[in-house]
file model_12.pdb (PDB, C-alpha atoms)
ATOM      1  CA  MET A1045     167.101 -41.530-174.815
ATOM      2  CA  SER A1046     165.440 -44.734-176.061
ATOM      3  CA  PHE A1047     163.536 -47.383-174.119
ATOM      4  CA  THR A1048     163.609 -51.103-174.913
ATOM      5  CA  PRO A1049     160.357 -53.063-175.210
ATOM      6  CA  ARG A1050     161.370 -55.030-172.107
ATOM      7  CA  TYR A1051     161.819 -51.773-170.109
ATOM      8  CA  ILE A1052     158.448 -50.455-171.240
ATOM      9  CA  ALA A1053     156.723 -53.763-170.430
ATOM     10  CA  THR A1054     158.313 -53.880-166.988
ATOM     11  CA  SER A1055     157.305 -50.273-166.267
ATOM     12  CA  LEU A1056     153.722 -50.902-167.315
ATOM     13  CA  CYS A1057     153.615 -54.004-165.148
ATOM     14  CA  LEU A1058     154.904 -52.103-162.135
ATOM     15  CA  LEU A1059     152.369 -49.348-162.768
ATOM     16  CA  ALA A1060     149.558 -51.889-162.912
ATOM     17  CA  VAL A1061     150.713 -53.507-159.666
ATOM     18  CA  CYS A1062     150.919 -50.137-157.911
ATOM     19  CA  SER A1063     147.443 -49.207-159.134
ATOM     20  CA  ALA A1064     146.030 -52.538-157.989
ATOM     21  CA  GLN A1065     147.588 -52.158-154.567
ATOM     22  CA  SER A1066     146.588 -48.539-154.097
ATOM     23  CA  PRO A1067     143.826 -48.502-151.455
ATOM     24  CA  LEU A1068     140.542 -46.782-152.129
ATOM     25  CA  PRO A1069     140.210 -43.498-150.202
ATOM     26  CA  VAL A1070     137.578 -43.586-147.466
ATOM     27  CA  LYS A1071     136.627 -39.934-147.994
ATOM     28  CA  TRP A1072     133.671 -39.504-150.339
ATOM     29  CA  GLU A1073     135.114 -36.270-151.772
ATOM     30  CA  GLU A1074     138.447 -37.905-152.650
ATOM     31  CA  LEU A1075     136.959 -40.738-154.725
ATOM     32  CA  THR A1076     136.669 -40.482-158.487
ATOM     33  CA  ALA A1077     133.311 -41.423-160.008
ATOM     34  CA  VAL A1078     134.760 -44.739-161.175
ATOM     35  CA  ASP A1079     136.279 -45.461-157.765
ATOM     36  CA  PHE A1080     133.056 -44.473-156.005
ATOM     37  CA  VAL A1081     131.272 -47.440-157.576
ATOM     38  CA  ASP A1082     134.019 -49.752-156.324
ATOM     39  CA  ALA A1083     133.961 -48.078-152.908
ATOM     40  CA  ILE A1084     130.227 -48.675-152.457
ATOM     41  CA  ARG A1085     130.709 -52.295-153.429
ATOM     42  CA  LYS A1086     133.690 -52.721-151.095
ATOM     43  CA  SER A1087     131.837 -51.034-148.216
ATOM     44  CA  GLN A1088     128.783 -53.259-148.774
ATOM     45  CA  GLY A1089     126.728 -50.085-148.976
ATOM     46  CA  VAL A1090     127.822 -48.812-145.556
ATOM     47  CA  CYS A1091     128.485 -45.074-145.486
ATOM     48  CA  LEU A1092     129.367 -42.908-142.509
ATOM     49  CA  LEU A1093     127.884 -39.481-141.891
ATOM     50  CA  PRO A1094     130.032 -37.850-139.190
ATOM     51  CA  ILE A1095     128.228 -34.864-137.696
ATOM     52  CA  GLY A1096     129.929 -32.008-135.875
ATOM     53  CA  ILE A1097     129.059 -28.354-135.357
ATOM     54  CA  LEU A1098     130.483 -24.822-135.487
ATOM     55  CA  GLU A1099     130.565 -23.324-131.996
ATOM     56  CA  LYS A1100     132.869 -21.825-129.425
ATOM     57  CA  HIS A1101     135.045 -24.383-127.639
ATOM     58  CA  GLY A1102     136.371 -22.464-124.682
ATOM     59  CA  PRO A1103     139.022 -19.821-125.323
ATOM     60  CA  HIS A1104     141.540 -22.279-126.780
ATOM     61  CA  LEU A1105     139.988 -24.765-129.223
ATOM     62  CA  PRO A1106     138.813 -24.177-132.810
ATOM     63  CA  LEU A1107     135.155 -23.572-133.625
ATOM     64  CA  GLY A1108     135.062 -26.806-135.602
ATOM     65  CA  THR A1109     136.461 -29.018-132.829
ATOM     66  CA  ASP A1110     133.534 -31.477-132.874
ATOM     67  CA  LEU A1111     133.656 -31.705-136.654
ATOM     68  CA  ILE A1112     137.440 -32.153-136.707
ATOM     69  CA  ASN A1113     137.436 -34.856-134.039
ATOM     70  CA  VAL A1114     134.488 -36.871-135.330
ATOM     71  CA  ARG A1115     135.927 -36.844-138.850
ATOM     72  CA  TYR A1116     139.279 -37.980-137.463
ATOM     73  CA  VAL A1117     137.866 -41.044-135.697
ATOM     74  CA  SER A1118     135.428 -41.827-138.523
ATOM     75  CA  GLN A1119     138.215 -41.921-141.086
ATOM     76  CA  ARG A1120     140.359 -44.133-138.874
ATOM     77  CA  GLY A1121     137.454 -46.415-138.111
ATOM     78  CA  ALA A1122     136.673 -46.707-141.832
ATOM     79  CA  GLN A1123     140.313 -47.531-142.542
ATOM     80  CA  GLN A1124     140.042 -50.463-140.122
ATOM     81  CA  GLU A1125     136.725 -51.676-141.573
ATOM     82  CA  TYR A1126     136.135 -50.080-144.959
ATOM     83  CA  ALA A1127     133.260 -47.637-145.355
ATOM     84  CA  VAL A1128     132.718 -44.422-147.298
ATOM     85  CA  VAL A1129     132.893 -41.260-145.181
ATOM     86  CA  PHE A1130     130.663 -38.341-146.170
ATOM     87  CA  PRO A1131     132.213 -34.831-146.377
ATOM     88  CA  GLU A1132     132.195 -32.294-143.527
ATOM     89  CA  TYR A1133     128.687 -31.932-142.096
ATOM     90  CA  TYR A1134     128.006 -29.318-139.408
ATOM     91  CA  PHE A1135     124.258 -28.689-139.742
ATOM     92  CA  GLY A1136     123.243 -29.848-136.278
ATOM     93  CA  GLN A1137     121.606 -28.417-133.161
ATOM     94  CA  ILE A1138     123.443 -25.589-131.385
ATOM     95  CA  PHE A1139     120.869 -23.007-130.303
ATOM     96  CA  GLU A1140     122.428 -22.905-126.824
ATOM     97  CA  ALA A1141     125.571 -21.183-128.181
ATOM     98  CA  ARG A1142     124.001 -18.438-130.291
ATOM     99  CA  GLN A1143     125.417 -15.768-127.971
ATOM    100  CA  GLU A1144     128.995 -16.792-128.846
ATOM    101  CA  PRO A1145     130.948 -15.601-131.929
ATOM    102  CA  GLY A1146     131.305 -18.070-134.784
ATOM    103  CA  THR A1147     128.258 -20.181-133.946
ATOM    104  CA  ILE A1148     126.146 -21.292-136.908
ATOM    105  CA  ALA A1149     122.689 -22.345-135.699
ATOM    106  CA  TYR A1150     120.279 -23.446-138.410
ATOM    107  CA  SER A1151     116.540 -23.633-137.776
ATOM    108  CA  ALA A1152     115.152 -26.901-136.430
ATOM    109  CA  ARG A1153     113.120 -27.332-139.612
ATOM    110  CA  LEU A1154     116.171 -26.940-141.838
ATOM    111  CA  GLN A1155     118.283 -29.263-139.677
ATOM    112  CA  LEU A1156     115.809 -32.103-140.142
ATOM    113  CA  GLU A1157     115.056 -31.387-143.798
ATOM    114  CA  LEU A1158     118.713 -31.171-144.757
ATOM    115  CA  LEU A1159     119.591 -34.313-142.841
ATOM    116  CA  GLN A1160     116.716 -36.189-144.488
ATOM    117  CA  GLU A1161     117.635 -35.052-147.980
ATOM    118  CA  THR A1162     121.283 -35.877-147.334
ATOM    119  CA  ALA A1163     120.336 -39.392-146.244
ATOM    120  CA  ASP A1164     118.037 -39.762-149.261
ATOM    121  CA  GLU A1165     120.803 -38.676-151.633
ATOM    122  CA  MET A1166     123.348 -40.943-149.982
ATOM    123  CA  ALA A1167     120.937 -43.853-150.369
ATOM    124  CA  ARG A1168     120.281 -42.963-154.011
ATOM    125  CA  ASN A1169     124.027 -43.324-154.518
ATOM    126  CA  GLY A1170     124.105 -46.807-153.054
ATOM    127  CA  CYS A1171     124.482 -46.116-149.323
ATOM    128  CA  LYS A1172     121.765 -48.466-148.123
ATOM    129  CA  LYS A1173     123.175 -48.539-144.591
ATOM    130  CA  ILE A1174     123.867 -45.032-143.300
ATOM    131  CA  LEU A1175     125.740 -44.837-140.010
ATOM    132  CA  ILE A1176     125.542 -41.378-138.447
ATOM    133  CA  VAL A1177     128.531 -40.828-136.159
ATOM    134  CA  ASN A1178     127.808 -38.109-133.630
ATOM    135  CA  GLY A1179     130.579 -35.793-132.494
ATOM    136  CA  HIS A1180     128.509 -33.094-130.768
ATOM    137  CA  GLY A1181     126.623 -33.283-127.471
ATOM    138  CA  GLY A1182     123.927 -30.916-128.730
ATOM    139  CA  ASN A1183     122.838 -33.621-131.179
ATOM    140  CA  ASN A1184     122.257 -36.274-128.516
ATOM    141  CA  HIS A1185     118.476 -35.838-128.709
ATOM    142  CA  LEU A1186     118.217 -34.734-132.342
ATOM    143  CA  LEU A1187     119.800 -37.796-133.934
ATOM    144  CA  PRO A1188     117.795 -40.546-132.189
ATOM    145  CA  TYR A1189     114.661 -38.557-133.048
ATOM    146  CA  PHE A1190     115.783 -38.343-136.673
ATOM    147  CA  SER A1191     116.424 -42.070-136.742
ATOM    148  CA  GLN A1192     112.983 -42.719-135.257
ATOM    149  CA  SER A1193     111.378 -40.402-137.809
ATOM    150  CA  GLN A1194     112.518 -42.746-140.595
ATOM    151  CA  MET A1195     109.519 -44.894-139.649
ATOM    152  CA  ALA A1196     107.167 -42.195-140.977
ATOM    153  CA  SER A1197     107.419 -43.372-144.587
ATOM    154  CA  PRO A1198     108.883 -46.349-146.489
ATOM    155  CA  LYS A1199     112.651 -46.350-147.109
ATOM    156  CA  ASP A1200     114.887 -48.730-149.001
ATOM    157  CA  TYR A1201     117.729 -47.963-146.632
ATOM    158  CA  VAL A1202     118.420 -47.982-142.900
ATOM    159  CA  VAL A1203     119.700 -45.148-140.716
ATOM    160  CA  TYR A1204     121.825 -46.067-137.709
ATOM    161  CA  VAL A1205     123.188 -43.662-135.073
ATOM    162  CA  TYR A1206     126.457 -44.254-133.253
ATOM    163  CA  GLN A1207     127.130 -42.255-130.096
ATOM    164  CA  ARG A1208     130.375 -42.929-128.272
ATOM    165  CA  GLY A1209     129.932 -44.993-125.116
ATOM    166  CA  ALA A1210     132.109 -45.603-122.078
ATOM    167  CA  TYR A1211     135.849 -45.881-122.539
ATOM    168  CA  PRO A1212     137.500 -49.284-122.075
ATOM    169  CA  PRO A1213     139.662 -50.187-119.076
ATOM    170  CA  GLY A1214     143.135 -48.689-118.929
ATOM    171  CA  ARG A1215     142.160 -45.080-119.529
ATOM    172  CA  PRO A1216     144.701 -42.650-118.027
ATOM    173  CA  PRO A1217     143.372 -41.084-114.813
ATOM    174  CA  MET A1218     141.597 -37.743-115.095
ATOM    175  CA  LYS A1219     143.002 -34.705-113.341
ATOM    176  CA  THR A1220     139.721 -32.759-113.233
ATOM    177  CA  LYS A1221     136.265 -33.451-111.797
ATOM    178  CA  VAL A1222     134.267 -31.203-114.144
ATOM    179  CA  ASP A1223     135.048 -32.386-117.665
ATOM    180  CA  GLY A1224     132.722 -31.389-120.444
ATOM    181  CA  HIS A1225     132.826 -28.975-123.319
ATOM    182  CA  ALA A1226     136.432 -27.991-124.222
ATOM    183  CA  GLY A1227     137.638 -29.504-120.943
ATOM    184  CA  GLU A1228     140.417 -31.965-120.203
ATOM    185  CA  SER A1229     139.129 -34.759-122.470
ATOM    186  CA  GLU A1230     138.093 -32.747-125.507
ATOM    187  CA  THR A1231     141.259 -30.695-125.425
ATOM    188  CA  SER A1232     143.283 -33.920-125.213
ATOM    189  CA  HIS A1233     141.391 -35.292-128.221
ATOM    190  CA  THR A1234     142.158 -32.231-130.297
ATOM    191  CA  LEU A1235     145.845 -32.474-129.373
ATOM    192  CA  VAL A1236     145.703 -35.701-131.382
ATOM    193  CA  SER A1237     143.487 -34.654-134.306
ATOM    194  CA  ARG A1238     144.794 -31.089-134.863
ATOM    195  CA  LYS A1239     147.454 -30.112-132.351
ATOM    196  CA  ASP A1240     148.356 -27.118-134.503
ATOM    197  CA  LEU A1241     144.955 -25.533-133.774
ATOM    198  CA  VAL A1242     145.068 -25.907-129.980
ATOM    199  CA  ARG A1243     146.000 -22.739-128.071
ATOM    200  CA  MET A1244     147.021 -24.140-124.704
ATOM    201  CA  ASP A1245     148.282 -20.692-123.655
ATOM    202  CA  ARG A1246     144.647 -19.524-123.662
ATOM    203  CA  ALA A1247     143.049 -22.516-121.933
ATOM    204  CA  GLY A1248     143.199 -20.924-118.489
ATOM    205  CA  THR A1249     142.022 -17.456-119.449
ATOM    206  CA  GLN A1250     138.330 -18.255-118.824
ATOM    207  CA  SER A1251     136.538 -20.319-116.223
ATOM    208  CA  GLY A1252     134.818 -23.570-117.104
ATOM    209  CA  ALA A1253     133.285 -23.980-113.658
ATOM    210  CA  ASP A1254     129.654 -25.055-113.271
ATOM    211  CA  ARG A1255     127.699 -21.921-112.188
ATOM    212  CA  ASN A1256     124.609 -24.025-111.329
ATOM    213  CA  ARG A1257     122.216 -21.067-111.611
ATOM    214  CA  LEU A1258     118.952 -23.056-111.734
ATOM    215  CA  ASP A1259     117.000 -24.397-108.775
ATOM    216  CA  LEU A1260     114.837 -27.140-110.277
ATOM    217  CA  PRO A1261     114.133 -30.687-109.051
ATOM    218  CA  PRO A1262     115.420 -33.778-110.902
ATOM    219  CA  GLY A1263     113.290 -34.688-113.900
ATOM    220  CA  VAL A1264     112.414 -31.078-114.788
ATOM    221  CA  TYR A1265     114.055 -29.966-118.031
ATOM    222  CA  THR A1266     114.385 -26.521-119.586
ATOM    223  CA  GLY A1267     116.354 -25.441-122.642
ATOM    224  CA  ILE A1268     118.321 -22.785-120.782
ATOM    225  CA  TRP A1269     119.988 -25.416-118.570
ATOM    226  CA  TRP A1270     123.337 -25.323-120.397
ATOM    227  CA  TYR A1271     123.637 -21.541-120.331
ATOM    228  CA  ALA A1272     122.672 -21.583-116.660
ATOM    229  CA  LYS A1273     125.604 -23.868-115.932
ATOM    230  CA  PHE A1274     128.254 -22.754-118.414
ATOM    231  CA  PRO A1275     127.532 -19.251-119.776
ATOM    232  CA  ASP A1276     131.017 -18.938-121.311
ATOM    233  CA  HIS A1277     130.469 -22.165-123.288
ATOM    234  CA  TYR A1278     133.359 -23.822-121.496
ATOM    235  CA  ALA A1279     132.919 -26.779-119.141
ATOM    236  CA  GLY A1280     135.991 -27.998-117.323
ATOM    237  CA  ASP A1281     139.651 -27.079-117.539
ATOM    238  CA  GLY A1282     141.544 -27.552-120.794
ATOM    239  CA  THR A1283     144.890 -26.832-119.138
ATOM    240  CA  ALA A1284     144.818 -30.381-117.722
ATOM    241  CA  ALA A1285     144.840 -31.975-121.188
ATOM    242  CA  SER A1286     147.478 -34.521-122.146
ATOM    243  CA  LEU A1287     148.544 -36.288-125.321
ATOM    244  CA  GLU A1288     148.461 -39.610-123.460
ATOM    245  CA  LEU A1289     144.766 -39.201-122.643
ATOM    246  CA  GLY A1290     144.003 -37.987-126.151
ATOM    247  CA  GLU A1291     145.706 -40.918-127.848
ATOM    248  CA  PHE A1292     143.909 -43.447-125.629
ATOM    249  CA  ASP A1293     140.482 -41.882-126.142
ATOM    250  CA  MET A1294     140.788 -41.322-129.878
ATOM    251  CA  LYS A1295     141.963 -44.886-130.476
ATOM    252  CA  ALA A1296     139.079 -46.232-128.393
ATOM    253  CA  TRP A1297     136.613 -44.017-130.264
ATOM    254  CA  ALA A1298     137.969 -45.046-133.684
ATOM    255  CA  ASP A1299     137.861 -48.709-132.653
ATOM    256  CA  GLY A1300     134.251 -48.189-131.586
ATOM    257  CA  VAL A1301     133.416 -46.747-134.997
ATOM    258  CA  ALA A1302     135.090 -49.711-136.709
ATOM    259  CA  ASN A1303     133.107 -52.150-134.554
ATOM    260  CA  ALA A1304     129.902 -50.288-135.383
ATOM    261  CA  ILE A1305     130.680 -50.561-139.103
ATOM    262  CA  ARG A1306     131.215 -54.311-138.730
ATOM    263  CA  ALA A1307     127.918 -54.688-136.891
ATOM    264  CA  VAL A1308     126.036 -52.667-139.509
ATOM    265  CA  LYS A1309     127.567 -54.714-142.331
ATOM    266  CA  ALA A1310     126.486 -57.916-140.592
ATOM    267  CA  ASP A1311     122.952 -56.670-139.886
ATOM    268  CA  GLN A1312     120.508 -58.581-142.059
ATOM    269  CA  ASN A1313     117.405 -57.849-139.992
ATOM    270  CA  SER A1314     116.797 -54.096-139.898
ATOM    271  CA  LEU A1315     115.823 -53.591-143.537
ATOM    272  CA  ARG A1316     113.751 -56.789-143.571
ATOM    273  CA  LEU A1317     111.871 -55.681-140.456
ATOM    274  CA  GLN A1318     111.418 -52.169-141.859
ATOM    275  CA  ASP A1319     109.845 -53.622-145.001
ATOM    276  CA  GLU A1320     107.574 -55.790-142.861
ATOM    277  CA  PHE A1321     106.605 -52.799-140.722
ATOM    278  CA  PHE A1322     105.850 -50.546-143.679
ATOM    279  CA  GLU A1323     103.716 -53.236-145.307
ATOM    280  CA  LYS A1324     101.709 -53.749-142.122
ATOM    281  CA  SER A1325     101.328 -50.009-141.585
ATOM    282  CA  LYS A1326      99.319 -49.801-144.818
ATOM    283  CA  ARG A1327      96.567 -51.942-143.243
ATOM    284  CA  PRO A1328      96.704 -51.511-139.452
ATOM    285  CA  LEU A1329      93.266 -53.074-138.956
ATOM    286  CA  GLU A1330      94.604 -56.340-140.354
ATOM    287  CA  THR A1331      97.452 -56.535-137.847
ATOM    288  CA  PRO A1332      96.722 -59.481-135.505
ATOM    289  CA  GLN A1333      95.710 -58.393-132.015
TER     290      GLN A1333
END
call {"tool": "encode", "arguments": {"input": "model_12.pdb", "output": "C-alpha cells"}}
result
Amino acid sequence: MSFTPRYIATSLCLLAVCSAQSPLPVKWEELTAVDFVDAIRKSQGVCLLPIGILEKHGPHLPLGTDLINVRYVSQRGAQQEYAVVFPEYYFGQIFEARQEPGTIAYSARLQLELLQETADEMARNGCKKILIVNGHGGNNHLLPYFSQSQMASPKDYVVYVYQRGAYPPGRPPMKTKVDGHAGESETSHTLVSRKDLVRMDRAGTQSGADRNRLDLPPGVYTGIWWYAKFPDHYAGDGTAASLELGEFDMKAWADGVANAIRAVKADQNSLRLQDEFFEKSKRPLETPQ
C-alpha cells in the first residue's frame, strides 16, 4: 500500500494539530520532562501539594479516603485553573489512630523534615508558589504551623495552606447530627471520588456515636480527646450518605481549590513582603520603633 505526498502531508498536519490541542496533564507524575517545563510556565509557578493520610475510616471506607478525596478535588480544581499537582502525599499527623490497623504514623520530626524538603525540592523545580491542600483533619494544626515555620529562614518561594471552608448555599440537607470522620459527608464524598471502594453494607456495623468520655472545661485541650470521643475511629453514620450530597460538596470543594489557585497566581505581595522581612531580620536593632 502506497501513500501520496498529499496524504502524508495531511496526516502530519492533523498530528501536529492534535498535539497542539492536547492539554497538559495536571498530575506531576504524568508529565514528561519536556512538558514539565511548559507546565510550570503555564501554571505561573503554582503547584499544589494535596495532603491526605493512611488511617481507618470507619468499617466501610478505604484507608486512603482523605488522600483519594483531596487528590480528586485538587485535580479538578487544577483543571479549572491550571496548576501542577504533586503525587500522592500521606506523611501527615495521625498519632490518634495508631491503635487501628493500617495506620501509618510518622514521627513529628520526620513529618516536618519531609514536608520541608518536599517544598524545597518543588521550589527548586520552579514551584515558587506552593499551595498545600489539606484533606485530613489531623493536619489542621500541623499545616499552619509548617507555613509559619517558613519565616525561620529566607526562602525564594511562598507556602500557602488551603483548608476547605463552609459550603455555599444550596447544600442538600443533612440527615445526621453527628457528622465527622467517615460519617454522612465523607462517605458521600467518596461515593463520588471512588464509589467502587465504598462498602455501604458495612457502614452500620460499628457505632460512630460520640462517647464523650472526658470531663474537662472549655479551653482545656489534651491529645487523647479524639480517642475519648470516638474510640472506633468513626464519627457519625455513613449509612446516611448520598450521591447528591457528595456531588454538591465535591464540586464546591474543587471550585474552592480553583479559586485559591487564582488568588495565589494573582498574589504579588507575599514574596515581596517575605524578602523585606528576611532583610530586616538580619538587623533587628535597625528596625524603626
call {"tool": "closest_residue", "arguments": {"input": "model_12.pdb", "among": "A:Arg1238, A:His1277, A:Lys1199, A:His1185", "to": "Arg1168 in chain A", "atoms": "all atoms listed in the file"}}
result
A:Lys1199
call {"tool": "residues_near_point", "arguments": {"input": "model_12.pdb", "point": "(111.1, -46.3, -151.1)", "cutoff": "12 Å", "atoms": "only C-alpha atoms", "output": "mmCIF file with C-alpha atoms, keeping the file's coordinate frame"}}
result
data_model
loop_
_atom_site.group_PDB
_atom_site.id
_atom_site.type_symbol
_atom_site.label_atom_id
_atom_site.label_comp_id
_atom_site.auth_asym_id
_atom_site.auth_seq_id
_atom_site.Cartn_x
_atom_site.Cartn_y
_atom_site.Cartn_z
ATOM 1 C CA ASP A 1164 118.037 -39.762 -149.261
ATOM 2 C CA ALA A 1167 120.937 -43.853 -150.369
ATOM 3 C CA ARG A 1168 120.281 -42.963 -154.011
ATOM 4 C CA LYS A 1172 121.765 -48.466 -148.123
ATOM 5 C CA GLN A 1194 112.518 -42.746 -140.595
ATOM 6 C CA MET A 1195 109.519 -44.894 -139.649
ATOM 7 C CA ALA A 1196 107.167 -42.195 -140.977
ATOM 8 C CA SER A 1197 107.419 -43.372 -144.587
ATOM 9 C CA PRO A 1198 108.883 -46.349 -146.489
ATOM 10 C CA LYS A 1199 112.651 -46.350 -147.109
ATOM 11 C CA ASP A 1200 114.887 -48.730 -149.001
ATOM 12 C CA TYR A 1201 117.729 -47.963 -146.632
ATOM 13 C CA VAL A 1202 118.420 -47.982 -142.900
ATOM 14 C CA LEU A 1315 115.823 -53.591 -143.537
ATOM 15 C CA GLN A 1318 111.418 -52.169 -141.859
ATOM 16 C CA ASP A 1319 109.845 -53.622 -145.001
ATOM 17 C CA PHE A 1322 105.850 -50.546 -143.679
ATOM 18 C CA GLU A 1323 103.716 -53.236 -145.307
#
call {"tool": "closest_residue", "arguments": {"input": "model_12.pdb", "among": "A:Ala1149, A:Met1244, A:Leu1075, A:Val1236", "to": "Ala1284 in chain A", "atoms": "only C-alpha atoms"}}
result
A:Met1244
call {"tool": "atom_distance", "arguments": {"input": "model_12.pdb", "atom1": "CA of Leu1175 in chain A", "atom2": "CA of Met1294 in chain A"}}
result
18.5 Å
call {"tool": "residues_around", "arguments": {"input": "model_12.pdb", "residues": "Leu1105 in chain A", "least_positions_apart": "6", "cutoff": "7 Å", "atoms": "only C-alpha atoms", "output": "list in words"}}
result
Ala1226, Leu1241, Val1242 and Arg1243 of chain A
call {"tool": "write_last_selection", "arguments": {"input": "model_12.pdb", "atoms": "C-alpha atoms", "output": "JSON list (two decimals), in the coordinates of the input"}}
result
[["chain", "number", "residue", "atom", "x", "y", "z"],
["A", 1226, "ALA", "CA", 136.43, -27.99, -124.22],
["A", 1241, "LEU", "CA", 144.96, -25.53, -133.77],
["A", 1242, "VAL", "CA", 145.07, -25.91, -129.98],
["A", 1243, "ARG", "CA", 146.00, -22.74, -128.07]]
call {"tool": "resolve_selection", "arguments": {"input": "model_12.pdb", "expression": "the PyMOL selection byres ((chain A and resi 1274) around 12)", "output": "PyMOL selection string"}}
result
chain A and resi 1100-1102+1140-1141+1222-1227+1250-1258+1268-1273+1275-1280
call {"tool": "atom_distance", "arguments": {"input": "model_12.pdb", "atom1": "CA of Asp1110 in chain A", "atom2": "CA of His1233 in chain A"}}
result
9.9 Å
